[in-house]
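Below is one structure, written out as structure tokens; the observations come after it.
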Number of protein chains: 6
Amino acid sequence: MVYLTRLEHFNAAHKLYNPAWTPEKNDEVFGPCANENWHGHNYELFVTIKGQPDPDTGFIYDVKQLSVLIREKVIEKVDHRNLNLDVEFMQGKICSTENLAVGIWNELKQNLPLGIQLHCIKLYETPRIYVEYFGEQNA
Amino acid sequence: MVYLTRLEHFNAAHKLYNPAWTPEKNDEVFGPCANENWHGHNYELFVTIKGQPDPDTGFIYDVKQLSVLIREKVIEKVDHRNLNLDVEFMQGKICSTENLAVGIWNELKQNLPLGIQLHCIKLYETPRIYVEYFGEQNA
Amino acid sequence: MVYLTRLEHFNAAHKLYNPAWTPEKNDEVFGPCANENWHGHNYELFVTIKGQPDPDTGFIYDVKQLSVLIREKVIEKVDHRNLNLDVEFMQGKICSTENLAVGIWNELKQNLPLGIQLHCIKLYETPRIYVEYFGEQNA
Amino acid sequence: MVYLTRLEHFNAAHKLYNPAWTPEKNDEVFGPCANENWHGHNYELFVTIKGQPDPDTGFIYDVKQLSVLIREKVIEKVDHRNLNLDVEFMQGKICSTENLAVGIWNELKQNLPLGIQLHCIKLYETPRIYVEYFGEQNA
Amino acid sequence: MVYLTRLEHFNAAHKLYNPAWTPEKNDEVFGPCANENWHGHNYELFVTIKGQPDPDTGFIYDVKQLSVLIREKVIEKVDHRNLNLDVEFMQGKICSTENLAVGIWNELKQNLPLGIQLHCIKLYETPRIYVEYFGEQNA
Amino acid sequence: MVYLTRLEHFNAAHKLYNPAWTPEKNDEVFGPCANENWHGHNYELFVTIKGQPDPDTGFIYDVKQLSVLIREKVIEKVDHRNLNLDVEFMQGKICSTENLAVGIWNELKQNLPLGIQLHCIKLYETPRIYVEYFGEQNA
């Protein structure tokens with residue numbers, strides 16, 4: 001088994017906000033991340049797939065096509081967007097990095113061609129904070 | 001003359017939007033950066049000062065105090081904020097990286113202790129885009 | 001299961017020195033790392049915890065509080081210190097990156113709040129050398 | 001079990017080309033990577049070994065000697081070379097990053113001193129593409 | 001005056017070779033960089049322009065259009081190419097990083113729209129080697 | 001004029017300490033940097049030279065020989081050393097990054113071959129703090 005990783009980038013606005021709570025409770029729990037006027041990040045998204053290299057190409061999967069896939073299925077939905085307002089797959093969820101990584105996994109998982117196994121979503125929110133998700137079967 | 005640089009970090013939401021234009025004109029000129037629901041970035045801010053090292057300390061200026069100064073005078077005003085809505089020194093300006101770098105220069109310039117010479121503001125908007133400003137006298 | 005990582009930074013002096021050996025044997029085995037006058041590093045410390053995101057916050061654990069914990073329990077004990085002389089949890093051990101990573105794991109493990117599972121300590125000694133430790137149960 | 005990683009660097013030329021195919025088929029599958037005049041990369045090679053720290057040295061293995069080993073057994077064979085033409089262990093294989101990582105694993109595996117366990121080869125082809133290989137027993 | 005920088009990336013093969021010299025002299029002067037079978041690099045290209053921000057856009061120049069310009073005028077000519085064989089503007093020159101940076105400056109300079117002032121080409125050949133060129137007027 | 005930069009790395013211990021002051025005054029001014037038991041850093045040293053590329057080689061100066069020069073004249077004197085105790089050119093000076101950069105400039109300046117012009121010493125003490133020195137004539 002060989003693992004192949006591609007890095008893509010997107011920028012987005014968000015806030016951490018639980019609509020079931022009062023604004024005061026949100027401020028207390030989330031601090032400046034709950035700013036009602038939003039803040040934002042440059043997210044760095046590492047997508048890792050795994051498989052056996054094809055003897056004819058040496059590829060698990062063509063990394064250029066992997067890049068196209070990630071852009072079509074994920075980046076176009078989140079780049080230069082507001083994660084809370086504009087992104088369908090985050091509706092009804094708190095826009096934490098944890099939930100965003102799981103959301104991106106699910107979005108990619110159901111859109112991958114046969115024969116590609118998704119292994120890991122690694123998502124940097126800032127240069128000092130990142131989240132990894134390997135799917136439910138690895139829980 | 002010796003130059004000393006300190007890197008600080010902040011996150012913010014913004015949009016590129018000229019209120020004198022129609023939404024269509026804004027979309028045409030700024031593209032996805034004009035998203036009315038905002039997007040955001042991890043900004044990396046490099047502040048460079050210059051001077052002669054003090055013979056008693058070896059310092060141009062204590063870099064820990066420089067960090068405190070940058071945080072008090074700049075980071076607290078922009079971190080986890082919406083640059084268009086929350087930041088006084090950007091009011092009435094397009095929130096481009098160019099204008100933000102000039103705004104940060106002015107904000108710091110008028111708040112520096114005597115004897116520190118500000119040399120450069122270098123501001124990364126993304127890992128692939130940055131702006132530098134050296135003040136008007138270097139125009 | 002989702003994994004959350006926080007990066008913290010510290011600077012320290014150390015030497016590689018086995019007090020059971022002669023100075024000559026130390027020089028022979030450790031080379032310039034055995035310099036009796038010490039040398040030092042900027043250590044980059046990645047702490048990874050794992051868990052299920054809380055439905056109310058979207059968090060495994062508040063990453064700002066994780067940062068406070070790491071600073072209180074580890075960084076304050078090692079930053080701007082001499083690892084051989086000043087750090088209680090390294091007494092009687094060779095101050096290699098391997099032993100330091102295990103020492104930091106133990107220091108954090110016994111000080112974590114209930115419900116946080118420590119997953120990995122990843123410690124860069126230089127930009128080209130790092131050590132990872134996942135605890136004894138993963139041996 | 002503790003894991004120790006050393007980063008080494010090499011530069012090489014290569015092309016992606018399957019000699020069993022026509023030039024047209026190669027162009028169709030590999031695109032500009034099939035350029036008959038070659039292109040090239042700065043490869044970043046992370047080698048991870050694992051083991052128990054030696055009580056006398058604190059080392060799994062002396063990282064300076066690990067560096068020497070990687071340079072002797074791998075870097076000297078690939079640095080400033082053409083992977084397709086000059087590298088014996090890549091003969092008869094497509095010079096993809098996947099195959100190169102597996103080739104480097106095999107080259108190192110058979111040349112390691114007793115008692116060092118090779119854990120992972122992580123190979124960056126560009127800053128946005130990397131491959132990991134953990135050996136066959138982890139397939 | 002404000003300075004705006006955009007980073008682009010390309011991969012290429014090359015060798016350092018002076019055709020007026022014998023192969024032995026080339027080996028003696030250029031060492032492994034003269035390998036007749038080529039080697040290659042991931043080049044990182046920083047293009048800096050300067051000007052006054054436009055009051056209507058806040059831009060010196062639209063950084064997305066700057067990226068398109070760099071890709072059209074430079075990257076398409078060098079990416080996945082052999083600098084010695086495939087690149088017209090390097091014909092008759094030694095393919096050193098110094099000459100390549102000057103060549104890219106000239107290629108961009110004559111293709112820039114009116115009103116953009118090119119300030120600097122900064123070109124990384126490896127993560128530890130880079131060249132800067134500011135044009136002849138700054139010689 | 002073209003500028004060529006080479007990055008080298010060294011590790012060292014130091015403390016900020018003015019022997020003309022009491023320990024209390026040192027603690028007050030330098031804080032944890034005055035720890036009598038030392039601390040240390042991974043220093044990243046960027047050396048920039050300038051000149052005209054030689055028509056026969058395309059080089060301002062052979063970057064491999066520049067690397068050898070920097071290692072012989074600077075790195076061997078500071079790597080794995082105590083800057084306060086072991087480094088002759090820092091005797092009688094406070095071991096601040098400012099003074100260290102000036103000291104490295106002087107050390108290199110007097111040891112460069114004819115025809116190489118030293119342009120800049122850029123020295124990172126941590127990933128967030130660096131100093132630049134361009135010599136006295138640029139003061």
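Just so we're on the same page: first chain in the structure tokens is A, next is B, and so on; residues restart at 1 for each chain, and ligands are numbered from 1 in the order they show up.
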
Please provide as a ChimeraX atom specification all residues within 12 Å of Asn11 in chain A, with the sequence filter that same-chain residues fewer than 2 positions apart are discarded (counting only C-alpha atoms). /A:8-9,13-14,39-45,75-83,124-126 /B:11-15,32-33,35,38-43,125-127

Please provide as a PyMOL selection string all residues within 7 Å of range 102-110 of chain D, with the sequence filter that same-chain residues fewer than 2 positions apart are discarded (counting only C-alpha atoms). chain D and resi 73-74+89-90+98-100+112+118+121+133

Residues from last step as file, C-alpha atoms, as an mmCIF file, in the first residue's frame:
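Generated output (out_28.cif):
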```cif
data_model
loop_
_atom_site.group_PDB
_atom_site.id
_atom_site.type_symbol
_atom_site.label_atom_id
_atom_site.label_comp_id
_atom_site.auth_asym_id
_atom_site.auth_seq_id
_atom_site.Cartn_x
_atom_site.Cartn_y
_atom_site.Cartn_z
ATOM 1 C CA LYS D 73 22.847 4.436 0.210
ATOM 2 C CA VAL D 74 20.369 6.791 -1.498
ATOM 3 C CA PHE D 89 17.299 0.719 -8.862
ATOM 4 C CA MET D 90 14.741 2.525 -11.067
ATOM 5 C CA GLU D 98 5.173 6.315 -5.898
ATOM 6 C CA ASN D 99 7.725 3.990 -7.517
ATOM 7 C CA LEU D 100 10.637 6.163 -6.427
ATOM 8 C CA LEU D 112 20.507 -0.803 7.264
ATOM 9 C CA LEU D 118 12.766 1.298 8.928
ATOM 10 C CA ILE D 121 9.746 6.825 3.492
ATOM 11 C CA TYR D 133 5.462 4.081 1.957
#
```

Would you give me, as a ChimeraX atom specification, the residues of chain C that come within 12 Å of chain A, using only C-alpha atoms? /C:1-9,44-67,119

Put those residues in a file: C-alpha atoms, as a PDB file, in the first residue's frame.
```pdb
ATOM      1  CA  MET C   1     -12.330   9.745  16.052  1.00  0.00           C
ATOM      2  CA  VAL C   2     -10.885  13.129  15.090  1.00  0.00           C
ATOM      3  CA  TYR C   3      -7.307  14.298  15.797  1.00  0.00           C
ATOM      4  CA  LEU C   4      -6.455  17.876  16.788  1.00  0.00           C
ATOM      5  CA  THR C   5      -2.896  19.232  16.823  1.00  0.00           C
ATOM      6  CA  ARG C   6      -1.475  22.380  18.368  1.00  0.00           C
ATOM      7  CA  LEU C   7       2.040  23.679  17.699  1.00  0.00           C
ATOM      8  CA  GLU C   8       3.982  25.423  20.471  1.00  0.00           C
ATOM      9  CA  HIS C   9       7.564  26.693  20.464  1.00  0.00           C
ATOM     10  CA  GLU C  44       8.893  22.995  17.741  1.00  0.00           C
ATOM     11  CA  LEU C  45       6.408  20.936  19.750  1.00  0.00           C
ATOM     12  CA  PHE C  46       3.299  19.433  18.084  1.00  0.00           C
ATOM     13  CA  VAL C  47       0.790  18.007  20.579  1.00  0.00           C
ATOM     14  CA  THR C  48      -1.990  15.824  19.108  1.00  0.00           C
ATOM     15  CA  ILE C  49      -5.113  14.820  21.049  1.00  0.00           C
ATOM     16  CA  LYS C  50      -8.023  12.736  19.811  1.00  0.00           C
ATOM     17  CA  GLY C  51     -11.725  12.397  20.532  1.00  0.00           C
ATOM     18  CA  GLN C  52     -15.239  12.948  19.262  1.00  0.00           C
ATOM     19  CA  PRO C  53     -16.303  16.533  18.487  1.00  0.00           C
ATOM     20  CA  ASP C  54     -18.768  17.834  21.075  1.00  0.00           C
ATOM     21  CA  PRO C  55     -22.093  18.479  19.266  1.00  0.00           C
ATOM     22  CA  ASP C  56     -22.548  21.826  21.088  1.00  0.00           C
ATOM     23  CA  THR C  57     -19.127  23.297  20.285  1.00  0.00           C
ATOM     24  CA  GLY C  58     -17.794  21.255  17.364  1.00  0.00           C
ATOM     25  CA  PHE C  59     -14.633  20.851  19.458  1.00  0.00           C
ATOM     26  CA  ILE C  60     -12.714  17.802  20.652  1.00  0.00           C
ATOM     27  CA  TYR C  61     -11.290  20.289  23.110  1.00  0.00           C
ATOM     28  CA  ASP C  62     -10.969  24.078  22.984  1.00  0.00           C
ATOM     29  CA  VAL C  63      -7.656  24.568  21.155  1.00  0.00           C
ATOM     30  CA  LYS C  64      -7.001  27.826  23.057  1.00  0.00           C
ATOM     31  CA  GLN C  65      -7.296  25.942  26.339  1.00  0.00           C
ATOM     32  CA  LEU C  66      -5.089  23.183  24.918  1.00  0.00           C
ATOM     33  CA  SER C  67      -2.490  25.861  24.200  1.00  0.00           C
ATOM     34  CA  HIS C 119      -2.287  10.776  20.896  1.00  0.00           C
TER      35      HIS C 119
END
```

Expected answer as a PyMOL selection string: strand (DSSP E or B) residues in range 19-138 of chain A: chain A and resi 39-51+81-82+117-126+129-133

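Nearest residue to Val87 in chain B among A:Pro113, A:Asn37, A:Lys25, A:Arg71 is A:Asn37, counting only C-alpha atoms.
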
Coordinates-based distance that separates CA of Ile70 in chain D from CA of Ala34 in chain E (Å, one decimal): 23.2 Å

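Atom pair CA of Asn84 in chain D / CA of Glu36 in chain E has a distance of 13.2 Å (rounded to one decimal).
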
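Picture a line from CA of Phe10 in chain C to CA of Leu69 in chain C; it runs 14.5 Å.
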